[in-house]
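Here the structure is laid out as structure tokens; the discussion comes afterwards.
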Amino acid sequence: MKITLVQNHPVFGDKAGNVARLVAAMESSPSDLYVLPEMAYSGYQFTSVEETRSLAEDLGSSSIDALRAASRRLDACVVFGFPERAGNLLYNSSLALLPDGKEYLYRKTHLFYKEKLFFSPGDTGFKVFDFRNAKIGIAICFDWFFPESFRTLALKGADIVAHSSNLVLPYCQRADFAAAVQNKVFIATANRVGTEQREAEALTFTGGSVLVSPKGEYLLEGPREKEAVLSADIDPAAARVKRLNPWNDALDDRRPEFYDL
Ligand code: ACM
């Protein structure tokens, strides 16, 4: 399975322009699975609920229709983050579009920083779906900070975690090593670059998108400050070998009866 991470620098609020550039980036590297950043085409640093609502979209938006068309045309699964409007509520969401028309929506479980002012905490729980010869799980950015997120996806059978991100802290790209090894999954963290200066605050995103294998190999590593399209071929079945040696298994050896306080 060929995976492509798209690392972009969206222009805040220019949804149509950002979507067109994302589609062109995807077209430059035909793949089975594309992982795009969190808030891939809206921009990230909202300043009010009203502004967030004005940029948020339901699943029938023209941006999502353009990505649907790209998924069909490229015969590929496309996973991307966007601000979702669902009735009166706003979610930080990720959508997986499959070329046969199937779709899987995930709403971010662990909101980061001022997202808590603008979005409701996700209510979908972690999702895993089948695509070609892989099981793909969805997580969004700060979910990485809670080991339970990737562990839950691994327990649900994910081979690959499609991790759309807008990272500002410097740790995740290295922490993915531990999460990939401990859960024996592929982790595909697609991050954005650039600085967003909105009102008094500037946020700088750390780029450095990574694809890490169940053995902790960095199969892809993006630049820190530039846009990039990064592709690698993987065998998802490598994530189904949970055994470390004849005595140890990454998931079966858990002792959950001792974990809950
Ligand atoms: C983040 O969750 N966007 C850091």
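Starting from 1 in every chain, residues are counted up; chains themselves are A, B, ... following the order of the structure tokens, and ligands are numbered from 1 as listed.
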Original post:
Residues within 8 Å of ligand 1 (only C-alpha atoms and all ligand atoms), as a list in words?
Top reply: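 Final answer, ordered by chain and number: Glu38, Tyr44, His110, Leu111, Phe112, Tyr113, Ile140, Cys141, Phe142, Asp143, Ser165, Asn166, Leu167, Val168 and Leu169 of chain A.
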Residues from last step as file, N, CA, C and O atoms, as an mmCIF file, in the first residue's frame:
data_model
loop_
_atom_site.group_PDB
_atom_site.id
_atom_site.type_symbol
_atom_site.label_atom_id
_atom_site.label_comp_id
_atom_site.auth_asym_id
_atom_site.auth_seq_id
_atom_site.Cartn_x
_atom_site.Cartn_y
_atom_site.Cartn_z
ATOM 1 N N GLU A 38 -4.570 18.167 10.007
ATOM 2 C CA GLU A 38 -5.749 18.671 10.730
ATOM 3 C C GLU A 38 -6.111 20.030 10.107
ATOM 4 O O GLU A 38 -5.220 20.754 9.643
ATOM 5 N N TYR A 44 -6.146 27.204 11.147
ATOM 6 C CA TYR A 44 -6.324 26.594 12.467
ATOM 7 C C TYR A 44 -6.744 27.577 13.560
ATOM 8 O O TYR A 44 -7.587 27.264 14.384
ATOM 9 N N HIS A 110 -9.577 14.584 22.127
ATOM 10 C CA HIS A 110 -8.826 15.400 23.091
ATOM 11 C C HIS A 110 -8.532 16.763 22.473
ATOM 12 O O HIS A 110 -7.606 16.897 21.666
ATOM 13 N N LEU A 111 -9.325 17.753 22.849
ATOM 14 C CA LEU A 111 -9.137 19.098 22.290
ATOM 15 C C LEU A 111 -7.916 19.757 22.905
ATOM 16 O O LEU A 111 -7.625 19.589 24.095
ATOM 17 N N PHE A 112 -7.193 20.557 22.093
ATOM 18 C CA PHE A 112 -5.947 21.203 22.518
ATOM 19 C C PHE A 112 -6.178 22.700 22.694
ATOM 20 O O PHE A 112 -6.759 23.360 21.826
ATOM 21 N N TYR A 113 -5.709 23.257 23.812
ATOM 22 C CA TYR A 113 -5.552 24.712 23.982
ATOM 23 C C TYR A 113 -6.885 25.411 23.667
ATOM 24 O O TYR A 113 -7.928 24.990 24.134
ATOM 25 N N ILE A 140 -6.593 12.566 15.644
ATOM 26 C CA ILE A 140 -6.273 13.959 15.283
ATOM 27 C C ILE A 140 -5.306 14.531 16.310
ATOM 28 O O ILE A 140 -5.583 14.524 17.518
ATOM 29 N N CYS A 141 -4.214 15.015 15.813
ATOM 30 C CA CYS A 141 -3.208 15.798 16.519
ATOM 31 C C CYS A 141 -3.090 15.455 18.010
ATOM 32 O O CYS A 141 -2.581 14.399 18.354
ATOM 33 N N PHE A 142 -3.569 16.317 18.920
ATOM 34 C CA PHE A 142 -3.305 16.182 20.361
ATOM 35 C C PHE A 142 -3.791 14.849 20.937
ATOM 36 O O PHE A 142 -3.404 14.487 22.050
ATOM 37 N N ASP A 143 -4.582 14.105 20.206
ATOM 38 C CA ASP A 143 -4.927 12.743 20.652
ATOM 39 C C ASP A 143 -3.652 11.956 20.973
ATOM 40 O O ASP A 143 -3.672 11.061 21.817
ATOM 41 N N SER A 165 -2.622 16.335 11.680
ATOM 42 C CA SER A 165 -2.120 17.156 12.780
ATOM 43 C C SER A 165 -1.865 18.591 12.378
ATOM 44 O O SER A 165 -1.601 18.905 11.216
ATOM 45 N N ASN A 166 -1.931 19.459 13.392
ATOM 46 C CA ASN A 166 -1.443 20.855 13.331
ATOM 47 C C ASN A 166 -0.608 21.031 14.589
ATOM 48 O O ASN A 166 -0.989 21.736 15.524
ATOM 49 N N LEU A 167 0.534 20.380 14.655
ATOM 50 C CA LEU A 167 1.314 20.318 15.898
ATOM 51 C C LEU A 167 2.031 21.629 16.156
ATOM 52 O O LEU A 167 2.668 22.192 15.264
ATOM 53 N N VAL A 168 1.967 22.069 17.409
ATOM 54 C CA VAL A 168 2.769 23.228 17.816
ATOM 55 C C VAL A 168 3.806 22.837 18.874
ATOM 56 O O VAL A 168 4.827 23.494 18.999
ATOM 57 N N LEU A 169 3.551 21.777 19.621
ATOM 58 C CA LEU A 169 4.546 21.282 20.576
ATOM 59 C C LEU A 169 5.582 20.450 19.798
ATOM 60 O O LEU A 169 5.270 19.889 18.754
#
Subject >> Surrounding residues of Thr124 in chain A excluding itself and chain neighbours under 4 positions, 12 Å, only C-alpha atoms, as a PyMOL selection string >> reply: chain A and resi 91-95+104-110+120+128+138-139
**OP:** Name the residues of range 25-255 of chain A that fall into strand (DSSP E) according to DSSP on the backbone, using the chain letters and numbers of this document, as a VMD selection string.
**Re:** chain A and resid 33 to 35 77 to 86 89 to 97 103 to 107 128 to 131 134 to 140 160 to 164 186 to 190 193 to 198 201 to 206 210 to 212 218 to 221 228 to 233 243 to 245 248 to 249
Original post:
What does the distance from CA of Arg243 in chain A to CA of Ala179 in chain A come to in Å, to one decimal?
Top reply: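 Between CA of Arg243 in chain A and CA of Ala179 in chain A the gap works out to 15.7 Å.
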Original post:
Which residue gives the smallest distance to Lys2 in chain A among A:Ala232, A:Leu244, A:Ala238, A:Val185, with only C-alpha atoms counted?
Top reply: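 Answer, going by the shortest atom-to-atom distance: A:Ala232.
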Contact table range 10-120 of chain A vs range 193-216 of chain A, cut-off 9 Å, shortest pair per residue, only C-alpha atoms, as a tab-separated table:
residue	atom	partner	partner_atom	distance
A:Pro10	CA	A:Gly194	CA	8.3
A:Val11	CA	A:Glu196	CA	8.8
A:Phe12	CA	A:Glu196	CA	7.7
A:Gly43	CA	A:Glu196	CA	8.1
A:Tyr44	CA	A:Glu196	CA	7.9
A:Gln45	CA	A:Glu196	CA	6.8
A:Phe46	CA	A:Arg198	CA	7.7
A:Thr47	CA	A:Arg198	CA	7.1
Original post:
Which of range 7-248 of chain A counts as alpha helix (DSSP H) under DSSP, as a PyMOL selection string please?
Top reply: chain A and resi 15-27+49-55+62-74+115-118+147-155+172-183
**OP:** Have a look at CA of Met39 in chain A and CA of Ala66 in chain A and let me know their distance in Å, one decimal.
**Re:** 15.4 Å
Please, which residues in range 41-126 of chain A fall within 9 Å of range 155-163 of chain A when counting only C-alpha atoms, and what is the closest atom pair and distance in Å to one decimal for each, ordered by chain then residue number, as a tab-separated table?
residue	atom	partner	partner_atom	distance
A:Val79	CA	A:Ala162	CA	7.0
A:Phe80	CA	A:Ala162	CA	8.8
A:Phe126	CA	A:Lys156	CA	8.6
Original post:
Between A:Glu103, A:Asp176, A:Glu84, A:Asp14, which has the minimum distance to Asp130 in chain A (counting only C-alpha atoms)?
Top reply: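 Closest to Asp130 in chain A, using only C-alpha atoms: A:Glu103.
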Output as a tab-separated table one row per residue of range 110-163 of chain A within 10 Å of range 26-33 of chain A: the closest atom pair and its distance in Å to one decimal place, counting only C-alpha atoms, sorted by chain and residue number ascending.
residue	atom	partner	partner_atom	distance
A:Phe131	CA	A:Leu33	CA	8.9
A:Arg132	CA	A:Asp32	CA	8.5
A:Ile136	CA	A:Leu33	CA	9.5
A:Ala162	CA	A:Leu33	CA	9.1
**OP:** Would you mind reading off the distance between CA of Leu5 in chain A and CA of Ala228 in chain A, one decimal, in Å?
**Re:**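 About the pair CA of Leu5 in chain A and CA of Ala228 in chain A: they are 8.0 Å apart.
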